[in-house]
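K.L.:
I have a structure here, written as structure tokens, and I will follow up with some questions on it.
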Amino acid sequence: MIRALRTGAARSPRQWGVRLPWSARPDHGRAAEREDHARGEALRLVRDGLCAVCRERDVAATRWLSYFVMESHAQQGTRARVHAAAGLCPAHTRCLLADASAPWLMPQFLDLAVGGGTRLLGEPGTGPARCPCCVAGDDAAERALETLLRAFDHAPVRDAVRDGAVAALAARVPAPYALELTGAASAALAQEPCETAWLAGADEDADARAELHLRMDPLLLDEERGRSGSMTDRWNADVGRGCCPLCLAEHRATWRLLRWAAAATGPGRPAREECALCAPHLYDLAAIGGPNVDAVLAENRSQWDARLSRFGRALSESRKAQTQLGTHLLSAPRCRACDAGDEAAQRQASLLVAQLHDPVQAERYGHEHGICLRHALNWQGLPPAVVREVSTARLALLRWEIDETLREQDWHTRHEIKGSAARVSARAPTLLDGRIYAGLPAPDESRHPSNRER
């Protein structure tokens, strides 16, 4: 006080201990404006579509990809993140391949991905970072949840969230509201017909996967016809298809199970415990169609309803932390199709190791495609020397082809004859991650998405 009097500084009422009413405070206008903005944004989120969180995630991922195509592929920070992740996830890589910019952008993207993969191969025990596009989408989903939480005390927002059955907020809002949300979600699941989006959320990659899976049907027939042959003949057929044999076995087993689950009749149809599917495989099953699809969706719906009921009872009776209960509620159920694919890939890897004991088969493997980078990095322990050498050699050759493609893109090389390196954008994904083409070989150039766009 003495100092304030000597300097003649004016003191605010708060400094004198006087508490002004809220409406008379200097920052009241800005705080009220921020609160109104949060409420308006929350209402927009819950009223613009089926699931606000899924929609914000997908919009942010699309925005990241668009910005990457137009500008950020040249920014050092973005390039470092793509390099650390050894590319993008299969779904977002398919988006890049389908973009009209693929002929000139994909070599630059593949240069980063292959460089990151080569670095990881030389550092055993080091895994790739997360797909930066997925990170951007997940961050947007988290911001959407935070926006809904900030405005949840506003009655119209709370009613809209309850009507939209946004069950993801049940782990964060007060217990009475959490019970209301789980009840609303159960009521939404009970409606007929129950859309796949209510169970699995939005999935913008579902159509691309369905188109790829159409190419899997002839391979299922080949597998059935080859059952009468020896195991070595079947292995030689798989390893000579020009794709990762482990990814091929994984997706072939998954697709066979989904086709069986969709169409099997009689005593051999899927049992209740065999109907649990993850979100992408629910969409894949719906794309197949068949007499059992509605029954499988109904079984998954009843399983989610049981999870919501257990959450509500535990929240009312148990003293466990609400966040712990919410984590259990929102955790993905164990997927029967994923288990079948993982088991098939493990069995195929064991067959690979067994075949490599034969010198003839080991030499033949050295002339074939080999496993993809994902399986080389995720191999339990150190892969066999032949597998490691073939993967290193394939990546080295792929990197040279990418460098050659980048060189041929220069204006001063327009007079040169373009060789096979110009088609590296279509062939490289099978070496990076076989899941990009659903375990299949690269499509021929006439069917490549970028050519359809052109």
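The way I read the labels, and the way they are meant: chains A, B, ... in the order of the structure tokens, residue 1 as the first residue of every chain, and ligand 1 as the first ligand shown, with later ones counted on from there.
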Which polymer residues have any atom within 8 Å of an atom of range 85-91 of chain A, counting only C-alpha atoms, with same-chain residues fewer than 5 positions away left out, as a list in words?
P.N.:
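Close residues of range 85-91 of chain A: Phe109, Leu110, Leu112, Ala113, Val114, Gly115, Gly116, Gly117, Pro128, Ala129, Arg130, Cys131, Pro132, Cys133, Cys134, Asp205, Asp433, Arg435 and Ile436 of chain A.
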K.L.:
Excluding range 373-375 of chain A and residues on its chain fewer than 5 positions from it, collect all residues at most 10 Å away from it, counting only C-alpha atoms, and give them as a list in words.
P.N.:
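Final neighbour list, sorted by chain and number: Ala86, Val114, Gly117, Thr118, Leu120, Leu121, Gly127, Pro128, Cys244, Leu246, Cys247, Ala345, Ala349, Gln380, Pro383, Ser391, Thr392, Arg394, Leu395, Pro429, Thr430, Leu431, Leu432, Asp433, Gly434 and Arg435 of chain A.
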K.L.:
Would you work out the distance separating CA of Glu35 in chain A from CA of Leu179 in chain A, expressed in Å to one decimal?
P.N.:
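The value is 25.6 Å.
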K.L.:
Among range 158-331 of chain A, which residues carry a DSSP assignment of helix (DSSP H, G or I), reported as a VMD selection string?
P.N.:
chain A and resid 158 to 164 167 to 171 175 to 189 196 to 200 206 to 228 231 to 239 245 to 263 266 to 268 272 to 274 279 to 288 293 to 317 322 to 330
K.L.:
Tell me which protein, DNA and RNA residues are within 9 Å of range 268-277 of chain A, counting only C-alpha atoms, leaving out same-chain ones fewer than 4 positions away, and put them as a list in words.
P.N.:
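In the requested form, the answer reads Trp260, Ala261, Ala262, Ala263, Ala264, His281, Leu282, Asn292, Ala295, Val296, Leu297, Glu299, Asn300, Gln303, Pro333, Arg334, Cys335, Arg336, Ala337 and Cys338 of chain A.
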K.L.:
Hey, can you spit out that residue selection with N, CA and C atoms as a PDB file, in the first residue's frame?
P.N.:
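selection16.pdb written:
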ATOM      1  N   TRP A 260     -17.288 -67.048 -44.803  1.00  0.00           N
ATOM      2  CA  TRP A 260     -17.979 -68.145 -44.116  1.00  0.00           C
ATOM      3  C   TRP A 260     -19.007 -67.611 -43.127  1.00  0.00           C
ATOM      4  N   ALA A 261     -18.618 -66.572 -42.359  1.00  0.00           N
ATOM      5  CA  ALA A 261     -19.544 -66.013 -41.372  1.00  0.00           C
ATOM      6  C   ALA A 261     -20.762 -65.390 -42.033  1.00  0.00           C
ATOM      7  N   ALA A 262     -20.601 -64.867 -43.250  1.00  0.00           N
ATOM      8  CA  ALA A 262     -21.715 -64.208 -43.925  1.00  0.00           C
ATOM      9  C   ALA A 262     -22.681 -65.187 -44.569  1.00  0.00           C
ATOM     10  N   ALA A 263     -22.198 -66.364 -44.975  1.00  0.00           N
ATOM     11  CA  ALA A 263     -23.039 -67.232 -45.798  1.00  0.00           C
ATOM     12  C   ALA A 263     -23.245 -68.636 -45.255  1.00  0.00           C
ATOM     13  N   ALA A 264     -22.542 -69.045 -44.184  1.00  0.00           N
ATOM     14  CA  ALA A 264     -22.658 -70.427 -43.704  1.00  0.00           C
ATOM     15  C   ALA A 264     -24.064 -70.698 -43.186  1.00  0.00           C
ATOM     16  N   HIS A 281     -13.751 -54.911 -39.661  1.00  0.00           N
ATOM     17  CA  HIS A 281     -14.268 -56.183 -40.169  1.00  0.00           C
ATOM     18  C   HIS A 281     -15.793 -56.230 -40.158  1.00  0.00           C
ATOM     19  N   LEU A 282     -16.440 -55.439 -39.309  1.00  0.00           N
ATOM     20  CA  LEU A 282     -17.890 -55.324 -39.414  1.00  0.00           C
ATOM     21  C   LEU A 282     -18.280 -54.694 -40.746  1.00  0.00           C
ATOM     22  N   ASN A 292     -26.384 -64.368 -43.191  1.00  0.00           N
ATOM     23  CA  ASN A 292     -26.041 -64.282 -41.770  1.00  0.00           C
ATOM     24  C   ASN A 292     -25.608 -62.889 -41.315  1.00  0.00           C
ATOM     25  N   ALA A 295     -27.713 -61.312 -38.587  1.00  0.00           N
ATOM     26  CA  ALA A 295     -27.574 -62.024 -37.310  1.00  0.00           C
ATOM     27  C   ALA A 295     -26.238 -61.693 -36.641  1.00  0.00           C
ATOM     28  N   VAL A 296     -25.158 -61.596 -37.424  1.00  0.00           N
ATOM     29  CA  VAL A 296     -23.858 -61.256 -36.844  1.00  0.00           C
ATOM     30  C   VAL A 296     -23.864 -59.828 -36.303  1.00  0.00           C
ATOM     31  N   LEU A 297     -24.455 -58.895 -37.055  1.00  0.00           N
ATOM     32  CA  LEU A 297     -24.558 -57.516 -36.566  1.00  0.00           C
ATOM     33  C   LEU A 297     -25.402 -57.457 -35.297  1.00  0.00           C
ATOM     34  N   GLU A 299     -25.743 -59.836 -33.082  1.00  0.00           N
ATOM     35  CA  GLU A 299     -24.958 -60.395 -31.988  1.00  0.00           C
ATOM     36  C   GLU A 299     -23.935 -59.383 -31.478  1.00  0.00           C
ATOM     37  N   ASN A 300     -23.274 -58.656 -32.388  1.00  0.00           N
ATOM     38  CA  ASN A 300     -22.350 -57.609 -31.949  1.00  0.00           C
ATOM     39  C   ASN A 300     -23.081 -56.488 -31.226  1.00  0.00           C
ATOM     40  N   GLN A 303     -23.714 -57.707 -27.725  1.00  0.00           N
ATOM     41  CA  GLN A 303     -22.496 -57.686 -26.921  1.00  0.00           C
ATOM     42  C   GLN A 303     -22.181 -56.275 -26.433  1.00  0.00           C
ATOM     43  N   PRO A 333     -13.430 -54.929 -28.556  1.00  0.00           N
ATOM     44  CA  PRO A 333     -13.586 -56.356 -28.249  1.00  0.00           C
ATOM     45  C   PRO A 333     -12.608 -57.194 -29.067  1.00  0.00           C
ATOM     46  N   ARG A 334     -12.344 -58.380 -28.608  1.00  0.00           N
ATOM     47  CA  ARG A 334     -11.451 -59.284 -29.333  1.00  0.00           C
ATOM     48  C   ARG A 334     -12.138 -59.741 -30.613  1.00  0.00           C
ATOM     49  N   CYS A 335     -11.457 -59.569 -31.743  1.00  0.00           N
ATOM     50  CA  CYS A 335     -12.054 -59.805 -33.050  1.00  0.00           C
ATOM     51  C   CYS A 335     -11.693 -61.203 -33.536  1.00  0.00           C
ATOM     52  N   ARG A 336     -12.691 -61.974 -33.921  1.00  0.00           N
ATOM     53  CA  ARG A 336     -12.465 -63.331 -34.406  1.00  0.00           C
ATOM     54  C   ARG A 336     -11.704 -63.316 -35.727  1.00  0.00           C
ATOM     55  N   ALA A 337     -11.996 -62.360 -36.603  1.00  0.00           N
ATOM     56  CA  ALA A 337     -11.318 -62.293 -37.897  1.00  0.00           C
ATOM     57  C   ALA A 337      -9.857 -61.880 -37.725  1.00  0.00           C
ATOM     58  N   CYS A 338      -9.585 -60.945 -36.829  1.00  0.00           N
ATOM     59  CA  CYS A 338      -8.195 -60.547 -36.563  1.00  0.00           C
ATOM     60  C   CYS A 338      -7.400 -61.724 -36.005  1.00  0.00           C
TER      61      CYS A 338
END
K.L.:
Show me, as a count of residues only, the residues that have an atom within 10 Å of Ser316 in chain A when counting only C-alpha atoms, minus same-chain residues fewer than 4 positions from it.
P.N.:
6
K.L.:
Distance CA of Arg162 in chain A-CA of Asp203 in chain A, one decimal place?
P.N.:
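For CA of Arg162 in chain A relative to CA of Asp203 in chain A, the distance reads 22.5 Å.
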K.L.:
I'd like the neighbourhood of range 353-365 of chain A as number ranges by chain, where a residue qualifies if any of its atoms comes within 9 Å (using only C-alpha atoms), though same-chain residues fewer than 6 positions away should be ignored.
P.N.:
A: 232, 235-236, 239-240, 383-384, 386-387, 390
K.L.:
Just all heavy atoms for this one: save the residues we selected as a PDB file, in the first residue's frame.
P.N.:
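Ended up saving to selection.pdb:
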ATOM      1  N   THR A 232       4.892 -77.989 -49.979  1.00  0.00           N
ATOM      2  CA  THR A 232       5.925 -77.241 -50.694  1.00  0.00           C
ATOM      3  C   THR A 232       5.357 -76.587 -51.943  1.00  0.00           C
ATOM      4  O   THR A 232       5.692 -75.432 -52.264  1.00  0.00           O
ATOM      5  CB  THR A 232       7.089 -78.175 -51.067  1.00  0.00           C
ATOM      6  OG1 THR A 232       7.665 -78.714 -49.869  1.00  0.00           O
ATOM      7  CG2 THR A 232       8.163 -77.421 -51.835  1.00  0.00           C
ATOM      8  N   TRP A 235       3.423 -73.608 -50.840  1.00  0.00           N
ATOM      9  CA  TRP A 235       4.316 -72.529 -50.429  1.00  0.00           C
ATOM     10  C   TRP A 235       4.926 -71.845 -51.645  1.00  0.00           C
ATOM     11  O   TRP A 235       5.005 -70.615 -51.706  1.00  0.00           O
ATOM     12  CB  TRP A 235       5.406 -73.072 -49.516  1.00  0.00           C
ATOM     13  CG  TRP A 235       6.551 -72.105 -49.352  1.00  0.00           C
ATOM     14  CD1 TRP A 235       7.776 -72.198 -49.913  1.00  0.00           C
ATOM     15  CD2 TRP A 235       6.534 -70.907 -48.584  1.00  0.00           C
ATOM     16  NE1 TRP A 235       8.552 -71.120 -49.540  1.00  0.00           N
ATOM     17  CE2 TRP A 235       7.806 -70.306 -48.723  1.00  0.00           C
ATOM     18  CE3 TRP A 235       5.580 -70.277 -47.794  1.00  0.00           C
ATOM     19  CZ2 TRP A 235       8.137 -69.109 -48.104  1.00  0.00           C
ATOM     20  CZ3 TRP A 235       5.906 -69.085 -47.176  1.00  0.00           C
ATOM     21  CH2 TRP A 235       7.163 -68.510 -47.327  1.00  0.00           C
ATOM     22  N   ASN A 236       5.357 -72.639 -52.630  1.00  0.00           N
ATOM     23  CA  ASN A 236       5.942 -72.055 -53.827  1.00  0.00           C
ATOM     24  C   ASN A 236       4.941 -71.178 -54.571  1.00  0.00           C
ATOM     25  O   ASN A 236       5.300 -70.144 -55.150  1.00  0.00           O
ATOM     26  CB  ASN A 236       6.462 -73.161 -54.751  1.00  0.00           C
ATOM     27  CG  ASN A 236       7.692 -73.852 -54.183  1.00  0.00           C
ATOM     28  OD1 ASN A 236       8.419 -73.279 -53.362  1.00  0.00           O
ATOM     29  ND2 ASN A 236       7.932 -75.082 -54.608  1.00  0.00           N
ATOM     30  N   VAL A 239       4.747 -67.859 -52.430  1.00  0.00           N
ATOM     31  CA  VAL A 239       5.946 -67.023 -52.423  1.00  0.00           C
ATOM     32  C   VAL A 239       6.239 -66.462 -53.805  1.00  0.00           C
ATOM     33  O   VAL A 239       6.969 -65.473 -53.937  1.00  0.00           O
ATOM     34  CB  VAL A 239       7.155 -67.827 -51.892  1.00  0.00           C
ATOM     35  CG1 VAL A 239       7.731 -68.732 -52.960  1.00  0.00           C
ATOM     36  CG2 VAL A 239       8.232 -66.898 -51.349  1.00  0.00           C
ATOM     37  N   GLY A 240       5.649 -67.053 -54.845  1.00  0.00           N
ATOM     38  CA  GLY A 240       5.895 -66.579 -56.196  1.00  0.00           C
ATOM     39  C   GLY A 240       4.845 -65.634 -56.734  1.00  0.00           C
ATOM     40  O   GLY A 240       4.850 -65.338 -57.939  1.00  0.00           O
ATOM     41  N   PRO A 383      15.198 -62.334 -37.533  1.00  0.00           N
ATOM     42  CA  PRO A 383      14.764 -63.189 -38.643  1.00  0.00           C
ATOM     43  C   PRO A 383      15.935 -63.991 -39.181  1.00  0.00           C
ATOM     44  O   PRO A 383      17.103 -63.639 -38.955  1.00  0.00           O
ATOM     45  CB  PRO A 383      14.246 -62.174 -39.669  1.00  0.00           C
ATOM     46  CG  PRO A 383      14.939 -60.901 -39.344  1.00  0.00           C
ATOM     47  CD  PRO A 383      15.150 -60.908 -37.869  1.00  0.00           C
ATOM     48  N   PRO A 384      15.659 -65.083 -39.885  1.00  0.00           N
ATOM     49  CA  PRO A 384      16.756 -65.847 -40.496  1.00  0.00           C
ATOM     50  C   PRO A 384      17.622 -64.966 -41.397  1.00  0.00           C
ATOM     51  O   PRO A 384      17.155 -63.957 -41.940  1.00  0.00           O
ATOM     52  CB  PRO A 384      16.024 -66.932 -41.295  1.00  0.00           C
ATOM     53  CG  PRO A 384      14.695 -67.064 -40.624  1.00  0.00           C
ATOM     54  CD  PRO A 384      14.347 -65.704 -40.116  1.00  0.00           C
ATOM     55  N   VAL A 386      18.771 -65.349 -44.366  1.00  0.00           N
ATOM     56  CA  VAL A 386      18.286 -65.192 -45.742  1.00  0.00           C
ATOM     57  C   VAL A 386      17.167 -64.160 -45.805  1.00  0.00           C
ATOM     58  O   VAL A 386      17.124 -63.312 -46.710  1.00  0.00           O
ATOM     59  CB  VAL A 386      17.811 -66.544 -46.297  1.00  0.00           C
ATOM     60  CG1 VAL A 386      17.224 -66.382 -47.686  1.00  0.00           C
ATOM     61  CG2 VAL A 386      18.964 -67.538 -46.322  1.00  0.00           C
ATOM     62  N   VAL A 387      16.242 -64.215 -44.851  1.00  0.00           N
ATOM     63  CA  VAL A 387      15.122 -63.270 -44.826  1.00  0.00           C
ATOM     64  C   VAL A 387      15.643 -61.851 -44.652  1.00  0.00           C
ATOM     65  O   VAL A 387      15.211 -60.914 -45.345  1.00  0.00           O
ATOM     66  CB  VAL A 387      14.145 -63.641 -43.699  1.00  0.00           C
ATOM     67  CG1 VAL A 387      13.059 -62.582 -43.557  1.00  0.00           C
ATOM     68  CG2 VAL A 387      13.526 -65.003 -43.962  1.00  0.00           C
ATOM     69  N   VAL A 390      17.479 -60.689 -47.887  1.00  0.00           N
ATOM     70  CA  VAL A 390      16.561 -60.409 -48.996  1.00  0.00           C
ATOM     71  C   VAL A 390      15.815 -59.102 -48.738  1.00  0.00           C
ATOM     72  O   VAL A 390      15.649 -58.275 -49.659  1.00  0.00           O
ATOM     73  CB  VAL A 390      15.582 -61.583 -49.188  1.00  0.00           C
ATOM     74  CG1 VAL A 390      14.461 -61.201 -50.155  1.00  0.00           C
ATOM     75  CG2 VAL A 390      16.323 -62.802 -49.705  1.00  0.00           C
TER      76      VAL A 390
END
K.L.:
I'd like to know which of A:Arg57, A:Thr78, A:Ala160, A:Thr62 is closest to Asp138 in chain A, using only C-alpha atoms.
P.N.:
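Looking at the shortest contact to Asp138 in chain A, the residue is A:Arg57.
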